[in-house]
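Undergrad: This is start_1.pdb, which holds PDB, C-alpha atoms:
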ATOM      1  CA  MET A1444      -0.245 -11.999 -22.217
ATOM      2  CA  THR A1445      -1.846 -13.147 -18.987
ATOM      3  CA  GLY A1446       1.203 -13.563 -16.771
ATOM      4  CA  ASN A1447       0.920 -17.360 -16.881
ATOM      5  CA  LEU A1448       2.982 -19.588 -19.151
ATOM      6  CA  SER A1449       2.639 -23.293 -19.699
ATOM      7  CA  MET A1450       5.730 -25.488 -19.510
ATOM      8  CA  GLY A1451       4.816 -28.926 -20.808
ATOM      9  CA  SER A1452       2.945 -30.155 -17.706
ATOM     10  CA  GLY A1453      -0.267 -28.453 -18.749
ATOM     11  CA  GLN A1454      -0.217 -26.426 -15.540
ATOM     12  CA  PRO A1455       0.175 -22.691 -15.821
ATOM     13  CA  ILE A1456       3.194 -21.129 -14.163
ATOM     14  CA  LYS A1457       2.294 -18.220 -11.939
ATOM     15  CA  LEU A1458       5.031 -15.667 -12.490
ATOM     16  CA  ALA A1459       4.187 -13.762  -9.315
ATOM     17  CA  GLU A1460       4.416 -16.964  -7.302
ATOM     18  CA  ARG A1461       7.800 -17.770  -8.805
ATOM     19  CA  ARG A1462       8.999 -14.263  -7.967
ATOM     20  CA  VAL A1463       7.748 -14.325  -4.383
ATOM     21  CA  PHE A1464       9.014 -17.812  -3.618
ATOM     22  CA  SER A1465      12.521 -17.339  -5.034
ATOM     23  CA  ASP A1466      15.591 -15.145  -4.618
ATOM     24  CA  SER A1467      13.977 -12.521  -6.881
ATOM     25  CA  PHE A1468      11.724 -11.662  -3.946
ATOM     26  CA  LYS A1469      14.568  -9.928  -2.078
ATOM     27  CA  PRO A1470      14.572  -6.741  -4.214
ATOM     28  CA  LEU A1471      10.803  -6.348  -3.791
ATOM     29  CA  TYR A1472      11.089  -6.952  -0.051
ATOM     30  CA  ASN A1473      13.952  -4.461   0.233
ATOM     31  CA  GLU A1474      12.046  -1.870  -1.808
ATOM     32  CA  GLY A1475       8.989  -2.183   0.423
ATOM     33  CA  MET A1476      10.907  -2.027   3.692
ATOM     34  CA  SER A1477      13.004   0.877   2.421
ATOM     35  CA  LEU A1478       9.836   2.788   1.556
ATOM     36  CA  VAL A1479       8.472   2.150   5.062
ATOM     37  CA  GLU A1480      11.715   3.467   6.559
ATOM     38  CA  ARG A1481      11.858   6.536   4.283
ATOM     39  CA  ALA A1482       8.247   7.402   5.091
ATOM     40  CA  ALA A1483       8.832   7.083   8.837
ATOM     41  CA  GLU A1484      11.941   9.275   8.654
ATOM     42  CA  TYR A1485      10.125  11.881   6.570
ATOM     43  CA  LEU A1486       7.002  11.994   8.737
ATOM     44  CA  ASP A1487       9.058  12.251  11.942
ATOM     45  CA  GLY A1488      11.430  14.879  10.567
ATOM     46  CA  PRO A1489      10.999  17.111   7.533
ATOM     47  CA  GLY A1490       7.323  16.205   7.204
ATOM     48  CA  ARG A1491       6.465  17.720  10.574
ATOM     49  CA  ALA A1492       8.179  20.987   9.689
ATOM     50  CA  GLU A1493       6.527  21.130   6.264
ATOM     51  CA  ALA A1494       3.096  20.332   7.714
ATOM     52  CA  ARG A1495       3.313  23.356  10.025
ATOM     53  CA  LYS A1496       3.577  25.648   6.987
ATOM     54  CA  LEU A1497       0.340  24.373   5.413
ATOM     55  CA  SER A1498      -3.032  26.105   5.468
ATOM     56  CA  ARG A1499      -5.552  24.673   7.922
ATOM     57  CA  LEU A1500      -7.383  22.748   5.166
ATOM     58  CA  ALA A1501      -4.176  21.411   3.620
ATOM     59  CA  ALA A1502      -2.908  20.449   7.097
ATOM     60  CA  THR A1503      -6.089  18.435   7.666
ATOM     61  CA  LEU A1504      -5.624  16.729   4.312
ATOM     62  CA  TYR A1505      -1.966  16.092   5.149
ATOM     63  CA  ALA A1506      -2.912  14.499   8.473
ATOM     64  CA  ALA A1507      -5.530  12.272   6.862
ATOM     65  CA  GLU A1508      -3.248  11.301   4.002
ATOM     66  CA  SER A1509      -0.384  10.612   6.451
ATOM     67  CA  MET A1510      -2.612   8.117   8.267
ATOM     68  CA  ARG A1511      -3.562   6.492   4.970
ATOM     69  CA  LEU A1512       0.109   6.355   3.959
ATOM     70  CA  THR A1513       1.226   4.688   7.197
ATOM     71  CA  THR A1514      -1.703   2.260   7.124
ATOM     72  CA  ARG A1515      -0.952   1.353   3.502
ATOM     73  CA  LEU A1516       2.740   0.838   4.215
ATOM     74  CA  MET A1517       2.112  -1.275   7.319
ATOM     75  CA  GLN A1518      -0.216  -3.529   5.341
ATOM     76  CA  ILE A1519       2.358  -3.868   2.548
ATOM     77  CA  ALA A1520       5.093  -4.606   5.112
ATOM     78  CA  SER A1521       2.895  -7.270   6.730
ATOM     79  CA  TRP A1522       2.343  -8.926   3.346
ATOM     80  CA  LEU A1523       6.055  -8.800   2.534
ATOM     81  CA  LEU A1524       7.008 -10.264   5.917
ATOM     82  CA  LEU A1525       4.546 -13.125   5.464
ATOM     83  CA  GLN A1526       5.918 -13.894   2.011
ATOM     84  CA  ARG A1527       9.470 -13.786   3.357
ATOM     85  CA  ALA A1528       8.488 -16.237   6.115
ATOM     86  CA  ALA A1529       7.061 -18.606   3.501
ATOM     87  CA  ASN A1530      10.068 -18.113   1.240
ATOM     88  CA  SER A1531      12.487 -19.001   4.053
ATOM     89  CA  GLY A1532      10.443 -22.004   5.206
ATOM     90  CA  GLU A1533       9.392 -20.451   8.531
ATOM     91  CA  MET A1534       5.730 -20.774   7.513
ATOM     92  CA  THR A1535       3.909 -22.982   5.052
ATOM     93  CA  ARG A1536       2.023 -21.409   2.172
ATOM     94  CA  ASP A1537      -1.224 -22.470   3.833
ATOM     95  CA  GLN A1538      -0.214 -20.721   7.064
ATOM     96  CA  VAL A1539       0.671 -17.593   5.092
ATOM     97  CA  ALA A1540      -2.624 -17.717   3.221
ATOM     98  CA  SER A1541      -4.481 -17.953   6.530
ATOM     99  CA  GLU A1542      -2.529 -15.129   8.195
ATOM    100  CA  LYS A1543      -2.589 -12.841   5.188
ATOM    101  CA  SER A1544      -6.371 -12.805   5.259
ATOM    102  CA  LYS A1545      -5.883 -10.126   7.938
ATOM    103  CA  VAL A1546      -3.839  -7.971   5.540
ATOM    104  CA  ARG A1547      -5.703  -5.378   3.504
ATOM    105  CA  LEU A1548      -4.159  -4.169   0.290
ATOM    106  CA  ASP A1549      -6.830  -1.619  -0.522
ATOM    107  CA  THR A1550      -5.944   1.595   1.309
ATOM    108  CA  ALA A1551      -7.090   4.341  -1.027
ATOM    109  CA  SER A1552      -5.825   7.879  -1.216
ATOM    110  CA  ALA A1553      -7.685  11.175  -1.334
ATOM    111  CA  PRO A1554      -8.489  12.384  -4.843
ATOM    112  CA  GLU A1555      -6.014  14.697  -6.523
ATOM    113  CA  HIS A1556      -8.688  17.386  -6.803
ATOM    114  CA  ALA A1557      -9.307  17.517  -3.040
ATOM    115  CA  VAL A1558      -9.050  20.978  -1.540
ATOM    116  CA  GLY A1559      -5.493  21.527  -0.329
ATOM    117  CA  TRP A1560      -3.977  18.779  -2.497
ATOM    118  CA  ASP A1561      -1.884  21.316  -4.447
ATOM    119  CA  GLU A1562      -0.309  22.548  -1.206
ATOM    120  CA  LEU A1563       0.979  19.163  -0.042
ATOM    121  CA  PRO A1564       4.790  18.922   0.015
ATOM    122  CA  GLU A1565       6.403  17.322  -3.014
ATOM    123  CA  ALA A1566       8.459  14.885  -0.909
ATOM    124  CA  PHE A1567       5.277  13.741   0.829
ATOM    125  CA  MET A1568       3.466  13.254  -2.470
ATOM    126  CA  THR A1569       6.394  11.204  -3.794
ATOM    127  CA  LEU A1570       6.005   8.871  -0.810
ATOM    128  CA  VAL A1571       2.222   8.657  -1.291
ATOM    129  CA  ASN A1572       2.548   7.875  -5.005
ATOM    130  CA  SER A1573       5.339   5.343  -4.424
ATOM    131  CA  SER A1574       3.237   3.596  -1.789
ATOM    132  CA  LEU A1575       0.225   3.468  -4.119
ATOM    133  CA  SER A1576       2.363   1.972  -6.906
ATOM    134  CA  LEU A1577       3.874  -0.616  -4.575
ATOM    135  CA  GLN A1578       0.457  -1.457  -3.124
ATOM    136  CA  ASN A1579      -0.873  -2.010  -6.645
ATOM    137  CA  LEU A1580       2.057  -4.308  -7.536
ATOM    138  CA  VAL A1581       1.710  -6.286  -4.304
ATOM    139  CA  ARG A1582      -2.065  -6.553  -4.730
ATOM    140  CA  LEU A1583      -1.681  -7.885  -8.282
ATOM    141  CA  MET A1584       0.896 -10.426  -7.132
ATOM    142  CA  ASP A1585      -1.338 -11.411  -4.217
ATOM    143  CA  GLU A1586      -4.295 -11.933  -6.553
ATOM    144  CA  GLU A1587      -2.216 -14.093  -8.876
ATOM    145  CA  ILE A1588      -0.813 -16.226  -6.058
ATOM    146  CA  TYR A1589      -3.816 -16.512  -3.731
ATOM    147  CA  GLY A1590      -6.773 -15.680  -5.951
ATOM    148  CA  ARG A1591      -8.807 -12.636  -6.896
ATOM    149  CA  ASN A1592      -9.827 -10.313  -4.052
ATOM    150  CA  ALA A1593      -7.627 -12.217  -1.606
ATOM    151  CA  GLY A1594      -6.160  -9.027  -0.143
ATOM    152  CA  THR A1595      -9.072  -6.734  -0.796
ATOM    153  CA  ALA A1596     -12.564  -6.418   0.553
ATOM    154  CA  ASP A1597     -14.669  -4.746  -2.098
ATOM    155  CA  MET A1598     -11.665  -2.608  -2.940
ATOM    156  CA  PRO A1599     -12.394   0.983  -3.844
ATOM    157  CA  PRO A1600     -10.529   2.539  -6.744
ATOM    158  CA  PRO A1601      -7.166   4.043  -5.733
ATOM    159  CA  ARG A1602      -8.564   7.565  -6.035
ATOM    160  CA  ARG A1603     -12.204   8.179  -5.135
ATOM    161  CA  SER A1604     -14.229  10.548  -7.267
ATOM    162  CA  ASN A1605     -17.053  11.631  -4.934
ATOM    163  CA  PRO A1606     -16.097  15.074  -3.564
ATOM    164  CA  VAL A1607     -18.809  15.056  -0.864
ATOM    165  CA  SER A1608     -17.701  11.672   0.432
ATOM    166  CA  ASP A1609     -14.085  12.837   0.327
ATOM    167  CA  GLN A1610     -14.834  15.913   2.416
ATOM    168  CA  ILE A1611     -16.849  13.896   4.945
ATOM    169  CA  SER A1612     -13.957  11.441   5.172
ATOM    170  CA  LEU A1613     -11.508  14.287   5.763
ATOM    171  CA  LEU A1614     -13.725  15.766   8.467
ATOM    172  CA  ASN A1615     -14.188  12.382  10.146
ATOM    173  CA  THR A1616     -10.449  11.848  10.104
ATOM    174  CA  ALA A1617      -9.741  15.325  11.417
ATOM    175  CA  PHE A1618     -12.142  14.844  14.312
ATOM    176  CA  ALA A1619     -11.117  11.195  14.894
ATOM    177  CA  ARG A1620     -14.474   9.692  14.004
ATOM    178  CA  GLY A1621     -14.760   6.574  11.909
TER     179      GLY A1621
END
Using structure tokens, write down the structure from this file.
TA:
Amino acid sequence: MTGNLSMGSGQPIKLAERRVFSDSFKPLYNEGMSLVERAAEYLDGPGRAEARKLSRLAATLYAAESMRLTTRLMQIASWLLLQRAANSGEMTRDQVASEKSKVRLDTASAPEHAVGWDELPEAFMTLVNSSLSLQNLVRLMDEEIYGRNAGTADMPPPRRSNPVSDQISLLNTAFARG
């Protein structure tokens, strides 16, 4: 099943589009905004305390992954806010399509085999995994509504598999180089 159904007119119905531009969008919007709020509360509170207990390498990974998490969630929130604006009539679909070109739905995460990964706090990893799942759902909906690769620019896989590149990325992040 492709996600599109035909209803007599010969035009396929985009299920994602129907979800986003109807009342069934509210639960998705609420889920996304709730995840943003939970992540912010965790990173400002318990996350800081847990990060202090980590080894130096795991702390570096935690810092890098925290930045990826917040970037990912801000991009998802931007997408959700744009869809809500279109859904409520504050913006046209064309305006949303134009504005959402600035939104990237391709923030990857460090690989699970990265040094220090096993030390990361469980609550933090739950947030990371939830954000990756939500990003994947939003990206798939975005592709169905606006077209393939609309919210991605040569999107990397969610988890990279090149350990050398991963370590260089961690070092660049740790020393604030891009």
Undergrad: Give the answer as one residue: which of A:Asn1579, A:Ser1574, A:Ser1552, A:Gln1538 has the shortest atom-to-atom distance to Leu1516 (chain A), using all atoms listed in the file?
TA: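 The closest residue to Leu1516 (chain A) is A:Ser1574.
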Undergrad: Restricting the calculation to all atoms listed in the file, which member of A:Ala1492, A:Asp1487, A:Asp1585, A:Leu1548 is positioned closest to Gln1526 (chain A)?
TA: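 Answer, going by the shortest atom-to-atom distance: A:Asp1585.
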Undergrad: Quick one: distance from CA of Asp1466 (chain A) to CA of Gly1532 (chain A) in Å, one decimal?
TA: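 CA of Gly1532 (chain A) lies at a distance of 13.0 Å from CA of Asp1466 (chain A).
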Undergrad: Under the rule that all atoms listed in the file are counted, which of A:Asn1572, A:Arg1582, A:Asp1537, A:Ala1566 is the nearest residue to Asp1549 (chain A)?
TA: A:Arg1582
Undergrad: Give me, please, the distance in Å between CA of Ser1541 (chain A) and CA of Val1581 (chain A), quoted to one decimal.
TA: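 So the answer is 17.1 Å.
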Undergrad: Ranking A:Leu1563, A:Val1539, A:Ile1588, A:Ala1520 by minimum distance to Leu1471 (chain A) and counting all atoms listed in the file, which one comes first?
TA: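 Nearest to Leu1471 (chain A): A:Ala1520.
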Undergrad: Between CA of Tyr1472 (chain A) and CA of Gln1518 (chain A), what is the distance in Å, rounded to a tenth?
TA: 13.0 Å
Undergrad: Find the residues near Leu1478 (chain A): any atom within 10 Å, counting all atoms listed in the file, skip ones fewer than 2 places away on the same chain, and give them as a VMD selection string.
TA: chain A and resid 1472 to 1476 1480 to 1484 1516 1520 1570 1573 to 1574 1577
Undergrad: Quick one: of A:Leu1575, A:Ala1507, A:Val1546, A:Leu1580, who's nearest to Trp1522 (chain A), counting only C-alpha atoms?
TA: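 Going through A:Leu1575, A:Ala1507, A:Val1546, A:Leu1580 one by one, the smallest distance to Trp1522 (chain A) is for A:Val1546.
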Undergrad: Within 10 Å of Ala1494 (chain A), counting all atoms listed in the file, which residues qualify if same-chain residues fewer than 2 places away don't, as a PDB file with C-alpha atoms, in the frame of the given file?
TA:
ATOM      1  CA  LEU A1486       7.002  11.994   8.737  1.00  0.00           C
ATOM      2  CA  PRO A1489      10.999  17.111   7.533  1.00  0.00           C
ATOM      3  CA  GLY A1490       7.323  16.205   7.204  1.00  0.00           C
ATOM      4  CA  ARG A1491       6.465  17.720  10.574  1.00  0.00           C
ATOM      5  CA  ALA A1492       8.179  20.987   9.689  1.00  0.00           C
ATOM      6  CA  LYS A1496       3.577  25.648   6.987  1.00  0.00           C
ATOM      7  CA  LEU A1497       0.340  24.373   5.413  1.00  0.00           C
ATOM      8  CA  SER A1498      -3.032  26.105   5.468  1.00  0.00           C
ATOM      9  CA  ARG A1499      -5.552  24.673   7.922  1.00  0.00           C
ATOM     10  CA  ALA A1501      -4.176  21.411   3.620  1.00  0.00           C
ATOM     11  CA  ALA A1502      -2.908  20.449   7.097  1.00  0.00           C
ATOM     12  CA  THR A1503      -6.089  18.435   7.666  1.00  0.00           C
ATOM     13  CA  TYR A1505      -1.966  16.092   5.149  1.00  0.00           C
ATOM     14  CA  ALA A1506      -2.912  14.499   8.473  1.00  0.00           C
ATOM     15  CA  GLU A1562      -0.309  22.548  -1.206  1.00  0.00           C
ATOM     16  CA  LEU A1563       0.979  19.163  -0.042  1.00  0.00           C
ATOM     17  CA  PRO A1564       4.790  18.922   0.015  1.00  0.00           C
ATOM     18  CA  PHE A1567       5.277  13.741   0.829  1.00  0.00           C
TER      19      PHE A1567
END
Undergrad: Would you please work out which residue, of A:Glu1533, A:Glu1508, A:Glu1542, A:Glu1586, is nearest to Met1568 (chain A) when using all atoms listed in the file?
TA: A:Glu1508
Undergrad: Might I get the box with edges along x, y and z of the file that holds all atoms of region 1493-1507 of chain A listed there, padded by 6 Å on every side, given as centre and edge lengths in Å to one decimal, as JSON?
TA:
{"center_x": -0.4, "center_y": 19.2, "center_z": 6.8, "size_x": 25.9, "size_y": 25.8, "size_z": 18.4}
